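Okay, structure first, notes after.
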Amino acid sequence: MSHVTYEKDGRIGRITLNRPEVMNAISLEMPGQIAAAVAEAEADTDVHVMVLAGAGSAFCAGYDLKAFAEAEGGNPGVQDMPWDPIKDYQFMWKNTQDFMSLFRALKPVVCKVHGFAVAGGSDIALCADLTVMAEDAQIGYMPARVWGSPTTQMWVYRLGMEKAKRMLLTGDKVSGREAADMGLVLKAVPADQLDDEVEGLAARMASVPINQLAMQKMVVNQAIEAMGLNETQRLATIFDGITRHSPEGMNFKARSEEKGWKQAVQDRDEGTFDWTRNTDIPKSNR
């Protein structure tokens with residue numbers, strides 16, 4: 001079963017993350033299927049713009065922690081020790097490039113976020129050209145607290161230094177309204193207006209010739225790439241592997257195996273667990 005669906009709708013190519021039973025959590029197959037859908041839209045001379053969305057109750061809840069963190073033993077995301085950093089880098093760099101197919105496509109991509117776009121799901125959403133959120137949706141990279149570094153690092157390029165640090169040094173989630181106010185996404189609208197807002201924006205761009213769209217996007221992207229985007233992403237991808245194989249990262253996986261990933265995530269996000277000492281933090285020290 002495909003974890004990403006693609007359909008052509010006149011001048012719009014519709015890419016949909018399609019694991020609604022797990023809030024579109026990222027599987028091994030999903031990144032490559034995103035890139036394949038982008039390639040299909042790029043090759044179609046009738047398609048002018050892409051709309052990226054998630055099926056079900058959320059856009060994307062990040063990597064599937066049941067598969068990568070809770071599962072006993074090694075897997076492509078967490079190797080048995082001693083780990084091979086280059087093997088990990090190759091795995092995550094491919095995923096990063098698959099997500100970045102949205103950014104590098106000549107045709108514009110509008111991302112529609114409802115529910116959640118968190119952890120690796122925020123990587124996907126922020127690789128789009130224009131991201132529109134429901135006001136009550138949530139976006140953030142909580143694994144910045146332990147077990148992750150966003151490999152696309154679009155936070156700094158969208159927010160600037162200080163606001164990017166605020167998000168990555170806390171691992172906080174923010175609402176669509178706050179994300180729009182801080183400049184992380186284009187716009188936030190009430191949830192019942194999200195579809196109409198995205199459709200109107202996509203239709204407006206779909207009336208522009210493909211070559212015009214491509215040239216405008218290429219010029220803007222070139223400015224970002226000249227700031228060192230590729231080098232930043234390489235460093236972030238290396239650091240992401242280190243976070244998962246550091247003592248704290250291995251303690252997170254061990255806790256996920258023992259207590260389940262939901263408990264480990266709660267401990268991480270609420271700041272109630274000392275990952276270095278592998279023990280609960282006393283209430284008096286929180």
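Convention: chains lettered A, B, ... in structure tokens order; per-chain residue numbering from 1; ligands numbered from 1 as shown.
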Excluding region 162-164 of chain A and its own-chain neighbours fewer than 2 positions away, which residues fall within 12 Å of it when counting only C-alpha atoms? Please give them as a PDB file with N, CA and C atoms, in the first residue's frame.
```pdb
ATOM      1  N   GLY A 140       6.284  22.012  15.382  1.00  0.00           N
ATOM      2  CA  GLY A 140       7.446  22.086  16.255  1.00  0.00           C
ATOM      3  C   GLY A 140       8.362  20.905  16.014  1.00  0.00           C
ATOM      4  N   TYR A 141       9.577  21.003  16.569  1.00  0.00           N
ATOM      5  CA  TYR A 141      10.538  19.906  16.453  1.00  0.00           C
ATOM      6  C   TYR A 141      10.944  19.483  17.863  1.00  0.00           C
ATOM      7  N   ALA A 144      14.350  17.944  19.278  1.00  0.00           N
ATOM      8  CA  ALA A 144      15.504  18.792  19.605  1.00  0.00           C
ATOM      9  C   ALA A 144      15.863  18.663  21.081  1.00  0.00           C
ATOM     10  N   PRO A 150      16.806  18.565  13.271  1.00  0.00           N
ATOM     11  CA  PRO A 150      16.088  18.622  11.987  1.00  0.00           C
ATOM     12  C   PRO A 150      17.049  18.677  10.813  1.00  0.00           C
ATOM     13  N   GLN A 153      16.827  21.652   8.348  1.00  0.00           N
ATOM     14  CA  GLN A 153      17.197  22.926   8.982  1.00  0.00           C
ATOM     15  C   GLN A 153      16.559  24.136   8.313  1.00  0.00           C
ATOM     16  N   MET A 154      15.319  23.983   7.881  1.00  0.00           N
ATOM     17  CA  MET A 154      14.627  25.119   7.282  1.00  0.00           C
ATOM     18  C   MET A 154      14.213  26.152   8.324  1.00  0.00           C
ATOM     19  N   TRP A 155      14.283  25.796   9.606  1.00  0.00           N
ATOM     20  CA  TRP A 155      13.902  26.732  10.673  1.00  0.00           C
ATOM     21  C   TRP A 155      14.689  28.043  10.590  1.00  0.00           C
ATOM     22  N   VAL A 156      16.001  27.938  10.478  1.00  0.00           N
ATOM     23  CA  VAL A 156      16.820  29.147  10.508  1.00  0.00           C
ATOM     24  C   VAL A 156      16.603  29.989   9.259  1.00  0.00           C
ATOM     25  N   TYR A 157      16.363  29.342   8.109  1.00  0.00           N
ATOM     26  CA  TYR A 157      16.190  30.090   6.868  1.00  0.00           C
ATOM     27  C   TYR A 157      14.823  30.758   6.794  1.00  0.00           C
ATOM     28  N   ARG A 158      13.859  30.228   7.507  1.00  0.00           N
ATOM     29  CA  ARG A 158      12.532  30.840   7.539  1.00  0.00           C
ATOM     30  C   ARG A 158      12.393  31.859   8.678  1.00  0.00           C
ATOM     31  N   LEU A 159      13.085  31.623   9.801  1.00  0.00           N
ATOM     32  CA  LEU A 159      12.856  32.422  11.003  1.00  0.00           C
ATOM     33  C   LEU A 159      13.958  33.408  11.332  1.00  0.00           C
ATOM     34  N   GLY A 160      15.204  33.142  10.897  1.00  0.00           N
ATOM     35  CA  GLY A 160      16.323  33.924  11.387  1.00  0.00           C
ATOM     36  C   GLY A 160      16.894  33.296  12.659  1.00  0.00           C
ATOM     37  N   ARG A 166      15.074  29.823  19.546  1.00  0.00           N
ATOM     38  CA  ARG A 166      13.984  29.654  20.517  1.00  0.00           C
ATOM     39  C   ARG A 166      13.276  28.315  20.290  1.00  0.00           C
ATOM     40  N   MET A 167      13.010  27.973  19.041  1.00  0.00           N
ATOM     41  CA  MET A 167      12.291  26.737  18.749  1.00  0.00           C
ATOM     42  C   MET A 167      13.159  25.501  19.003  1.00  0.00           C
ATOM     43  N   LEU A 168      14.417  25.563  18.612  1.00  0.00           N
ATOM     44  CA  LEU A 168      15.261  24.369  18.680  1.00  0.00           C
ATOM     45  C   LEU A 168      15.908  24.167  20.047  1.00  0.00           C
ATOM     46  N   LEU A 169      16.031  25.220  20.846  1.00  0.00           N
ATOM     47  CA  LEU A 169      16.598  25.064  22.183  1.00  0.00           C
ATOM     48  C   LEU A 169      15.536  24.701  23.223  1.00  0.00           C
ATOM     49  N   THR A 170      14.275  24.825  22.851  1.00  0.00           N
ATOM     50  CA  THR A 170      13.188  24.429  23.759  1.00  0.00           C
ATOM     51  C   THR A 170      12.479  23.167  23.296  1.00  0.00           C
ATOM     52  N   GLY A 171      12.440  22.937  21.979  1.00  0.00           N
ATOM     53  CA  GLY A 171      11.631  21.846  21.456  1.00  0.00           C
ATOM     54  C   GLY A 171      10.144  22.119  21.581  1.00  0.00           C
ATOM     55  N   ASP A 172       9.771  23.382  21.679  1.00  0.00           N
ATOM     56  CA  ASP A 172       8.363  23.741  21.842  1.00  0.00           C
ATOM     57  C   ASP A 172       7.574  23.516  20.557  1.00  0.00           C
ATOM     58  N   VAL A 174       4.270  25.276  18.516  1.00  0.00           N
ATOM     59  CA  VAL A 174       3.491  26.505  18.472  1.00  0.00           C
ATOM     60  C   VAL A 174       2.281  26.276  17.585  1.00  0.00           C
ATOM     61  N   GLU A 178       0.561  31.348  15.913  1.00  0.00           N
ATOM     62  CA  GLU A 178       1.865  31.854  16.354  1.00  0.00           C
ATOM     63  C   GLU A 178       2.918  31.625  15.278  1.00  0.00           C
ATOM     64  N   ALA A 179       2.836  30.505  14.571  1.00  0.00           N
ATOM     65  CA  ALA A 179       3.790  30.224  13.492  1.00  0.00           C
ATOM     66  C   ALA A 179       3.700  31.292  12.405  1.00  0.00           C
ATOM     67  N   ASP A 181       2.543  34.392  12.868  1.00  0.00           N
ATOM     68  CA  ASP A 181       2.968  35.662  13.453  1.00  0.00           C
ATOM     69  C   ASP A 181       4.492  35.782  13.488  1.00  0.00           C
ATOM     70  N   MET A 182       5.193  34.676  13.727  1.00  0.00           N
ATOM     71  CA  MET A 182       6.652  34.741  13.793  1.00  0.00           C
ATOM     72  C   MET A 182       7.305  34.613  12.418  1.00  0.00           C
ATOM     73  N   GLY A 183       6.505  34.384  11.366  1.00  0.00           N
ATOM     74  CA  GLY A 183       7.045  34.305  10.019  1.00  0.00           C
ATOM     75  C   GLY A 183       7.504  32.926   9.606  1.00  0.00           C
ATOM     76  N   LEU A 184       7.164  31.900  10.384  1.00  0.00           N
ATOM     77  CA  LEU A 184       7.571  30.534  10.031  1.00  0.00           C
ATOM     78  C   LEU A 184       6.788  30.015   8.836  1.00  0.00           C
TER      79      LEU A 184
END
```
- Task: Using DSSP on the backbone coordinates, identify all residues within region 106-275 of chain A classified as strand (DSSP E or B); present the result as an MDAnalysis selection string.
- Result: chainID A and resid 109:113 116:118 130:134 138:140 173:175 187:189 273:274
- Task: Using DSSP on the backbone coordinates, identify the residues of region 199-283 of chain A assigned to helix (DSSP H, G or I); present them as JSON, numbers by chain.
- Result: {"A": [199, 200, 201, 202, 203, 204, 205, 206, 210, 211, 212, 213, 214, 215, 216, 217, 218, 219, 220, 221, 222, 223, 224, 225, 226, 229, 230, 231, 232, 233, 234, 235, 236, 237, 238, 239, 240, 241, 242, 243, 244, 245, 247, 248, 249, 250, 251, 252, 253, 254, 255, 256, 257, 258, 259, 261, 262, 263, 264, 265, 266, 267, 268, 269, 270, 283]}
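For the set A:Asp136, A:Asp98, A:Asp88, A:Asp129, the residue with the smallest atom-to-atom gap to Thr243 (chain A) is A:Asp88, counting only C-alpha atoms.
Between CA of Thr151 (chain A) and CA of Val49 (chain A) the interatomic distance comes to 25.2 Å.
Taking only C-alpha atoms into account, Pro76 (chain A) lies nearest to A:Leu28 out of the set A:Ala125, A:Ala119, A:Leu28, A:Ala226.
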- Do a neighbour search on Ala55 (chain A) at 12 Å with only C-alpha atoms, toss out local chain neighbours closer than 4 positions, and write the hits as a ChimeraX atom specification. /A:3-5,14-25,59-61,112-116
Considering only C-alpha atoms, return as an mmCIF file with C-alpha atoms, in the first residue's frame whatever protein or nucleic-acid residues lie within 12 Å of region 29-38 of chain A, sequence-local ones (same chain, fewer than 4 positions apart) excluded.
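And here is the file that came out, selection_18.cif:
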```
data_model
loop_
_atom_site.group_PDB
_atom_site.id
_atom_site.type_symbol
_atom_site.label_atom_id
_atom_site.label_comp_id
_atom_site.auth_asym_id
_atom_site.auth_seq_id
_atom_site.Cartn_x
_atom_site.Cartn_y
_atom_site.Cartn_z
ATOM 1 C CA MET A 1 0.000 0.000 0.000
ATOM 2 C CA SER A 2 1.373 3.380 -0.989
ATOM 3 C CA HIS A 3 2.181 5.681 1.909
ATOM 4 C CA VAL A 4 1.889 8.684 -0.445
ATOM 5 C CA THR A 5 -0.776 9.171 -3.090
ATOM 6 C CA TYR A 6 -0.637 11.367 -6.163
ATOM 7 C CA GLU A 7 -3.393 12.546 -8.440
ATOM 8 C CA LYS A 8 -3.636 15.111 -11.187
ATOM 9 C CA ILE A 12 -2.771 20.985 -9.841
ATOM 10 C CA GLY A 13 -0.823 17.902 -8.771
ATOM 11 C CA ARG A 14 -2.082 16.654 -5.408
ATOM 12 C CA ILE A 15 0.404 14.845 -3.137
ATOM 13 C CA THR A 16 -1.115 13.323 -0.017
ATOM 14 C CA LEU A 17 0.654 11.617 2.883
ATOM 15 C CA ASN A 18 -1.422 8.498 3.318
ATOM 16 C CA ARG A 19 -0.946 6.763 6.669
ATOM 17 C CA ASN A 24 0.905 9.956 8.639
ATOM 18 C CA ALA A 25 3.987 8.988 10.634
ATOM 19 C CA GLU A 42 7.408 17.850 -12.554
ATOM 20 C CA ALA A 43 7.280 15.686 -15.683
ATOM 21 C CA ASP A 44 3.632 16.523 -16.459
ATOM 22 C CA VAL A 47 0.634 20.539 -13.992
ATOM 23 C CA HIS A 48 1.577 24.053 -12.859
ATOM 24 C CA VAL A 49 1.538 23.740 -9.061
ATOM 25 C CA MET A 50 1.525 21.034 -6.377
ATOM 26 C CA VAL A 51 -0.569 20.879 -3.219
ATOM 27 C CA LEU A 52 0.873 18.771 -0.392
ATOM 28 C CA ALA A 53 -1.467 17.579 2.357
ATOM 29 C CA GLY A 54 -2.008 14.798 4.874
ATOM 30 C CA CYS A 60 2.351 14.416 9.799
ATOM 31 C CA GLY A 62 7.027 12.782 12.462
ATOM 32 C CA TYR A 63 8.994 9.560 12.155
ATOM 33 C CA ASP A 64 7.182 6.399 13.194
ATOM 34 C CA PHE A 91 20.213 6.708 5.278
ATOM 35 C CA MET A 92 19.229 10.118 6.637
ATOM 36 C CA TRP A 93 20.813 12.143 3.821
ATOM 37 C CA LYS A 94 18.657 10.281 1.296
ATOM 38 C CA ASN A 95 15.557 11.068 3.347
ATOM 39 C CA THR A 96 16.603 14.717 3.555
ATOM 40 C CA GLN A 97 17.068 14.920 -0.197
ATOM 41 C CA ASP A 98 13.700 13.257 -0.766
ATOM 42 C CA PHE A 99 12.053 15.903 1.436
ATOM 43 C CA MET A 100 14.027 18.621 -0.352
ATOM 44 C CA SER A 101 12.600 17.495 -3.698
ATOM 45 C CA LEU A 102 9.698 19.759 -2.704
ATOM 46 C CA PHE A 103 12.058 22.728 -2.382
ATOM 47 C CA ARG A 104 14.090 21.942 -5.511
ATOM 48 C CA ALA A 105 11.172 21.206 -7.814
ATOM 49 C CA LEU A 106 10.820 23.826 -10.524
ATOM 50 C CA LYS A 107 7.085 24.005 -9.877
ATOM 51 C CA PRO A 108 5.801 25.615 -6.671
ATOM 52 C CA VAL A 109 4.505 23.527 -3.775
ATOM 53 C CA GLY A 120 10.128 15.031 10.934
ATOM 54 C CA GLY A 121 6.711 16.181 9.771
ATOM 55 C CA ASP A 123 10.819 19.053 8.008
ATOM 56 C CA ILE A 124 8.426 18.037 5.242
ATOM 57 C CA ALA A 125 6.062 20.993 5.703
ATOM 58 C CA CYS A 127 10.443 22.268 2.556
ATOM 59 C CA ALA A 128 7.386 23.464 0.656
#
```
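Every protein, DNA or RNA residue with an atom at most 12 Å from Gly74 (chain A), where only C-alpha atoms count and chain neighbours fewer than 6 positions away do not, is listed here: Ala67, Phe68, Asp80, Met81, Pro82, Trp83, Asp84, Asp88, Arg244, His245, Met250, Lys253, Ala254 and Glu257 of chain A.
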Restricted to N, CA and C atoms, what would the selected residues look like written as a PDB file, in the first residue's frame?
```
ATOM      1  N   ALA A  67       8.184   2.082  15.129  1.00  0.00           N
ATOM      2  CA  ALA A  67       9.095   1.302  14.303  1.00  0.00           C
ATOM      3  C   ALA A  67      10.556   1.610  14.599  1.00  0.00           C
ATOM      4  N   PHE A  68      10.879   2.880  14.869  1.00  0.00           N
ATOM      5  CA  PHE A  68      12.283   3.263  15.006  1.00  0.00           C
ATOM      6  C   PHE A  68      12.777   3.298  16.448  1.00  0.00           C
ATOM      7  N   ASP A  80      22.851  -0.953  16.341  1.00  0.00           N
ATOM      8  CA  ASP A  80      23.516  -1.521  17.512  1.00  0.00           C
ATOM      9  C   ASP A  80      24.899  -0.896  17.625  1.00  0.00           C
ATOM     10  N   MET A  81      25.382  -0.775  18.841  1.00  0.00           N
ATOM     11  CA  MET A  81      26.692  -0.165  19.057  1.00  0.00           C
ATOM     12  C   MET A  81      27.803  -1.201  18.906  1.00  0.00           C
ATOM     13  N   PRO A  82      28.989  -0.801  18.401  1.00  0.00           N
ATOM     14  CA  PRO A  82      29.318   0.542  17.921  1.00  0.00           C
ATOM     15  C   PRO A  82      28.647   0.824  16.580  1.00  0.00           C
ATOM     16  N   TRP A  83      28.253   2.070  16.408  1.00  0.00           N
ATOM     17  CA  TRP A  83      27.499   2.422  15.204  1.00  0.00           C
ATOM     18  C   TRP A  83      28.407   2.952  14.122  1.00  0.00           C
ATOM     19  N   ASP A  84      27.931   2.842  12.887  1.00  0.00           N
ATOM     20  CA  ASP A  84      28.669   3.324  11.724  1.00  0.00           C
ATOM     21  C   ASP A  84      28.061   4.665  11.304  1.00  0.00           C
ATOM     22  N   ASP A  88      24.632   5.609   8.815  1.00  0.00           N
ATOM     23  CA  ASP A  88      23.514   6.415   9.285  1.00  0.00           C
ATOM     24  C   ASP A  88      23.346   7.654   8.415  1.00  0.00           C
ATOM     25  N   ARG A 244      20.927  10.353  18.021  1.00  0.00           N
ATOM     26  CA  ARG A 244      20.270   9.059  18.214  1.00  0.00           C
ATOM     27  C   ARG A 244      21.209   7.998  18.780  1.00  0.00           C
ATOM     28  N   HIS A 245      22.530   8.251  18.704  1.00  0.00           N
ATOM     29  CA  HIS A 245      23.500   7.266  19.175  1.00  0.00           C
ATOM     30  C   HIS A 245      24.348   7.774  20.345  1.00  0.00           C
ATOM     31  N   MET A 250      20.553   6.828  23.263  1.00  0.00           N
ATOM     32  CA  MET A 250      20.371   5.396  23.509  1.00  0.00           C
ATOM     33  C   MET A 250      19.488   5.163  24.729  1.00  0.00           C
ATOM     34  N   LYS A 253      15.941   5.490  23.541  1.00  0.00           N
ATOM     35  CA  LYS A 253      15.466   4.276  22.875  1.00  0.00           C
ATOM     36  C   LYS A 253      15.181   3.173  23.891  1.00  0.00           C
ATOM     37  N   ALA A 254      16.063   3.032  24.884  1.00  0.00           N
ATOM     38  CA  ALA A 254      15.848   2.011  25.907  1.00  0.00           C
ATOM     39  C   ALA A 254      14.545   2.262  26.666  1.00  0.00           C
ATOM     40  N   GLU A 257      11.656   1.270  24.467  1.00  0.00           N
ATOM     41  CA  GLU A 257      11.482  -0.182  24.450  1.00  0.00           C
ATOM     42  C   GLU A 257      10.823  -0.675  25.730  1.00  0.00           C
TER      43      GLU A 257
END
```
- Task: Can you work out the spacing between CA of Arg268 (chain A) and CA of Ala188 (chain A) in Å, to one decimal?
- Result: 27.7 Å
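Of note, CA of Thr276 (chain A) and CA of Thr237 (chain A) are spaced 22.1 Å apart.
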